[in-house]
Structures are given as structure tokens and as C-alpha cells.
Amino acid sequence: MARADAADADGDRPGRRRDGNRPDDGERTRLAGVLAIVLGLVCGAVSFASFAYQIPSAVSRYADYRAAAQCPATDTSTGAGAGTEAVAGTTAPRPAGEPEDCLRTLTFTVDRTVVDRTPRTRRYQAALSGGSWHGTVVFAEPGPVLDRLRPGERVDGTLWRGTIMALGTQEARQGTLDEPRDESRVSTGIATGLGLLAVLCLRSGPRWWSRPDRHRPPAALVRSAVVTGFAVFLGCLALGAVAQALDLSRWIVPALAVPATLLPVRLLGRVRPESEPGGASPAPAGV
């Protein structure tokens, strides 16, 4: 009996509660709920914009580029003559008016190249000129063309809609960062992951805010939620990468994302076995 009274007295000490939470844990849980709601809204907005605008636009642009035919044979000199205009940046001389939807090959002179392989300042660029046009094109990798170019050399540039898409020599061809690429599966994986994160955040955030005393201490709650979120996002990203490698339809990514991420969500978001004081129902663990 004396031990029980001592335990009750110990549980009533200031700064401690019988459920293991501190008195200020409720406010911290409410704050975590507000942050989860904000994060969910942001992730949902980005996911919606990706599915509604960014991914369809990139897919359409890539299809147009693949379907583009060679332009009718004309003078391939890059000198600025009648009926041409020079535009700064990576836009090359083109007939006045709208950019051409066909592929045109022009010859440029290499002014200088930048091949910086330092991880933090990595840059792969080539400054080109032709007639009155001067501009810089950017690459993702140093080869197979850029690292072989030297100032004063001539190189062929492929133009589409007024922008240099690739440089080529007799031995190799290298696309610039402006060249459309088929990356829709990976983009869909990222958008799907953000969408699932939005659902999880908007599901858990209001609960944390409205019922802070029915959850675990904030540190454990947030840790479980972060681990679950990373598992969901990385699962969707991996699924998109697999679909990209196997050349599958991008729609298979959201179709399989829920079952592919259900297991980590179930393991990390399961209900705690302990019951709350007073016979309350068990509290959700995290998400």
C-alpha cells in the first residue's frame, strides 16, 4: 500500500504525468499538427500542378521534338543576313517571325568551353558564335562532344524552335539541357509521392491539432511521421525509376504506388498496443 501511494505521489510531481507526457507536450503536438497541415497543402499543390500542367507539357514537347522533320535545305551559314534575326542566350539565328518547328543544322565556331568537374561547382558549357550571334549552351555531362571541343573549332548545332538542342561532330553527338527528354515516369513518381505525402499529412495533421493528448510525445510522433513520409516518397520514386528503365506507361506509377507503399505505412503507422489512462482507445502512432 505504501508503494502504491509513493507511485501515485511520484506520478503527481510537477513536470510529469502518468501517461509519460510533459505538460507542454500538448502544445508541441498542436504545433506539429499545424506544420503537417501546411506541408500537406504545399505537397498537394505541387502534385496537382505536376499532374495537371508540368508533366503533360513535357510529354507534349518531347513528342513534338521526336516528330519534327528536317527543315528544307537552305543556306546553313550563321551569318546574320536578310530574313534572319539573332537572339541572345541559347536561341540561335532564325527566320524572322515564329520559331521553326523543324530541325535545322547550322555550323558554329567554338569560342570557349567550360568543363568543371568539381562536385559543388560543376559546370559544362560551350560558348558559340556565328556571324553576329553569340551565346552559351549548357550540358549535363562533359562528354562525348564537349570535352573534345577546342576554341576555334567548328561544330554543328541542331536547332528546334530557335533553340540549340544538340551539338555534333563527325564522331559523336551530345544533347544540351534544353533538349526534350522522356523523363515522364520519374516525374510521375515524384508527383505521386508528393500526392501521397499530402494525403498522409492532411489525415494526421488535424488529428494532432484537435486531440493532442491522445498521441505519443511530440518527438516520437514526428520521428515516426518523417520515417513514414520518406518511405512513401522513396517508394514512389523507385517505382518511377523502374517504369522508366523498363519503358512502361507512366500511369502504372500511380496505379501501383498505393500497394507499393502500403507495407511501410502499415508497419510504421500501426496503432500502439498500450491503452490510454482511463480506458481510452489506443493512440495512433504517427501517421
# chains A, B, ... in the order shown; residues from 1 in each chain; ligands from 1
$ residues_around --residues "A:Gln125" --least-positions-apart "4" --cutoff "10 Å" --atoms "only C-alpha atoms" --output "PyMOL selection string"
chain A and resi 112-116+136-142+146-147+176
$ write_last_selection --atoms "C-alpha atoms" --output "PDB file, in the first residue's frame"
ATOM      1  CA  ARG A 112      35.488  28.650 -75.327  1.00  0.00           C
ATOM      2  CA  THR A 113      34.409  25.683 -73.245  1.00  0.00           C
ATOM      3  CA  VAL A 114      33.956  25.189 -69.506  1.00  0.00           C
ATOM      4  CA  VAL A 115      34.422  21.701 -68.088  1.00  0.00           C
ATOM      5  CA  ASP A 116      34.403  21.984 -64.303  1.00  0.00           C
ATOM      6  CA  THR A 136      26.280  29.734 -74.401  1.00  0.00           C
ATOM      7  CA  VAL A 137      24.806  26.248 -74.327  1.00  0.00           C
ATOM      8  CA  VAL A 138      24.762  24.117 -71.169  1.00  0.00           C
ATOM      9  CA  PHE A 139      25.195  20.351 -70.844  1.00  0.00           C
ATOM     10  CA  ALA A 140      24.575  17.820 -68.098  1.00  0.00           C
ATOM     11  CA  GLU A 141      27.773  15.857 -68.794  1.00  0.00           C
ATOM     12  CA  PRO A 142      31.229  16.665 -70.198  1.00  0.00           C
ATOM     13  CA  LEU A 146      32.012  18.974 -75.135  1.00  0.00           C
ATOM     14  CA  ASP A 147      35.283  17.731 -73.629  1.00  0.00           C
ATOM     15  CA  THR A 176      22.088  20.152 -74.366  1.00  0.00           C
TER      16      THR A 176
END
$ residues_around --residues "A:Phe233" --least-positions-apart "3" --cutoff "7 Å" --atoms "only C-alpha atoms" --output "CSV table (one decimal) with N, CA and C atoms, in the first residue's frame"
chain,number,residue,atom,x,y,z
A,193,GLY,N,4.4,10.6,-55.2
A,193,GLY,CA,4.9,10.6,-53.8
A,193,GLY,C,4.5,11.9,-53.1
A,194,LEU,N,4.5,13.0,-53.7
A,194,LEU,CA,4.1,14.2,-53.1
A,194,LEU,C,2.6,14.2,-52.8
A,229,GLY,N,7.0,9.2,-44.1
A,229,GLY,CA,7.0,10.0,-45.3
A,229,GLY,C,8.1,9.7,-46.2
A,230,PHE,N,9.3,9.5,-45.7
A,230,PHE,CA,10.5,9.2,-46.5
A,230,PHE,C,10.2,7.8,-47.2
A,236,CYS,N,7.7,5.6,-54.1
A,236,CYS,CA,7.2,6.1,-55.4
A,236,CYS,C,8.3,6.5,-56.4
A,237,LEU,N,9.3,7.1,-55.9
A,237,LEU,CA,10.5,7.4,-56.8
A,237,LEU,C,11.1,6.2,-57.4
$ select_by_dssp --residues "stretch 36-74 of chain A" --states "alpha helix (DSSP H)" --output "ChimeraX atom specification"
/A:36-49,55-67
$ residues_around --residues "stretch 252-255 of chain A" --least-positions-apart "4" --cutoff "8 Å" --atoms "only C-alpha atoms" --output "CSV table (one decimal) with N, CA, C and O atoms, in the first residue's frame"
chain,number,residue,atom,x,y,z
A,185,ARG,N,8.1,9.2,-66.5
A,185,ARG,CA,7.9,8.2,-65.4
A,185,ARG,C,8.5,8.6,-64.1
A,185,ARG,O,7.8,8.5,-63.0
A,188,THR,N,6.4,11.5,-62.8
A,188,THR,CA,5.1,11.0,-62.3
A,188,THR,C,5.4,10.3,-60.9
A,188,THR,O,4.5,10.4,-60.0
A,189,GLY,N,6.5,9.6,-60.7
A,189,GLY,CA,6.8,9.0,-59.4
A,189,GLY,C,6.9,10.1,-58.3
A,189,GLY,O,6.4,10.0,-57.2
A,192,THR,N,3.5,11.6,-57.7
A,192,THR,CA,2.7,10.6,-56.9
A,192,THR,C,3.1,10.6,-55.4
A,192,THR,O,2.3,10.6,-54.5
A,236,CYS,N,7.7,5.6,-54.1
A,236,CYS,CA,7.2,6.1,-55.4
A,236,CYS,C,8.3,6.5,-56.4
A,236,CYS,O,8.1,6.2,-57.6
A,239,LEU,N,9.6,3.3,-57.9
A,239,LEU,CA,8.7,2.8,-58.8
A,239,LEU,C,8.7,3.6,-60.1
A,239,LEU,O,8.7,3.0,-61.2
A,240,GLY,N,8.9,4.9,-60.1
A,240,GLY,CA,9.0,5.7,-61.3
A,240,GLY,C,10.3,5.3,-62.0
A,240,GLY,O,10.3,5.3,-63.3
A,243,ALA,N,9.8,2.0,-63.8
A,243,ALA,CA,9.0,2.2,-65.0
A,243,ALA,C,9.8,2.9,-66.1
A,243,ALA,O,9.6,2.6,-67.3
A,248,LEU,N,7.8,1.5,-69.4
A,248,LEU,CA,6.4,1.2,-69.1
A,248,LEU,C,5.6,2.5,-69.2
A,248,LEU,O,6.2,3.6,-69.2
$ residues_around --residues "A:Val59" --least-positions-apart "2" --cutoff "9 Å" --atoms "only C-alpha atoms" --output "list in words"
Gln54, Ile55, Pro56, Ser57, Arg61, Tyr62, Ala63, Asp64, Pro180, Arg181, Asp182, Glu183 and Ser184 of chain A
$ write_last_selection --atoms "N, CA and C atoms" --output "tab-separated table (two decimals), in the first residue's frame"
chain	number	residue	atom	x	y	z
A	54	GLN	N	2.72	20.45	-65.64
A	54	GLN	CA	4.12	20.24	-65.96
A	54	GLN	C	4.36	18.95	-66.74
A	55	ILE	N	3.82	17.82	-66.26
A	55	ILE	CA	4.07	16.54	-66.93
A	55	ILE	C	3.41	16.49	-68.31
A	56	PRO	N	2.14	16.88	-68.47
A	56	PRO	CA	1.56	16.89	-69.84
A	56	PRO	C	2.31	17.80	-70.79
A	57	SER	N	2.77	18.96	-70.31
A	57	SER	CA	3.52	19.87	-71.17
A	57	SER	C	4.85	19.25	-71.61
A	61	ARG	N	5.86	18.28	-75.44
A	61	ARG	CA	7.05	18.87	-76.05
A	61	ARG	C	8.00	17.79	-76.56
A	62	TYR	N	8.16	16.72	-75.79
A	62	TYR	CA	9.03	15.63	-76.23
A	62	TYR	C	8.48	14.96	-77.48
A	63	ALA	N	7.15	14.76	-77.53
A	63	ALA	CA	6.54	14.13	-78.71
A	63	ALA	C	6.70	15.02	-79.94
A	64	ASP	N	6.54	16.32	-79.78
A	64	ASP	CA	6.73	17.24	-80.91
A	64	ASP	C	8.17	17.22	-81.41
A	180	PRO	N	14.54	18.18	-75.23
A	180	PRO	CA	13.49	17.42	-74.52
A	180	PRO	C	13.91	15.98	-74.31
A	181	ARG	N	13.58	15.47	-73.14
A	181	ARG	CA	13.90	14.09	-72.78
A	181	ARG	C	12.65	13.42	-72.22
A	182	ASP	N	12.60	12.11	-72.39
A	182	ASP	CA	11.47	11.34	-71.89
A	182	ASP	C	11.73	10.96	-70.44
A	183	GLU	N	11.34	11.83	-69.52
A	183	GLU	CA	11.52	11.58	-68.09
A	183	GLU	C	10.19	11.59	-67.36
A	184	SER	N	9.12	11.28	-68.10
A	184	SER	CA	7.78	11.41	-67.53
A	184	SER	C	7.52	10.41	-66.41
$ closest_residue --among "A:Gly44, A:Gly235, A:Gly130, A:Gly26" --to "A:Leu256" --atoms "only C-alpha atoms"
A:Gly235
$ closest_residue --among "A:Ser60, A:Gln70, A:Thr109, A:Gln244" --to "A:Trp160" --atoms "only C-alpha atoms"
A:Gln70
$ atom_distance --atom1 "atom CA of A:Ser210" --atom2 "atom CA of A:Ala198"
18.4 Å
$ residues_around --residues "A:Leu128" --least-positions-apart "3" --cutoff "10 Å" --atoms "only C-alpha atoms" --output "ChimeraX atom specification"
/A:90,92,107-113,125,133-137,151-155,157
$ select_by_dssp --residues "stretch 21-256 of chain A" --states "strand (DSSP E or B)" --output "ChimeraX atom specification"
/A:70,84-85,91,94-95,103-116,123-130,133-138,154-160,163-168,173-175
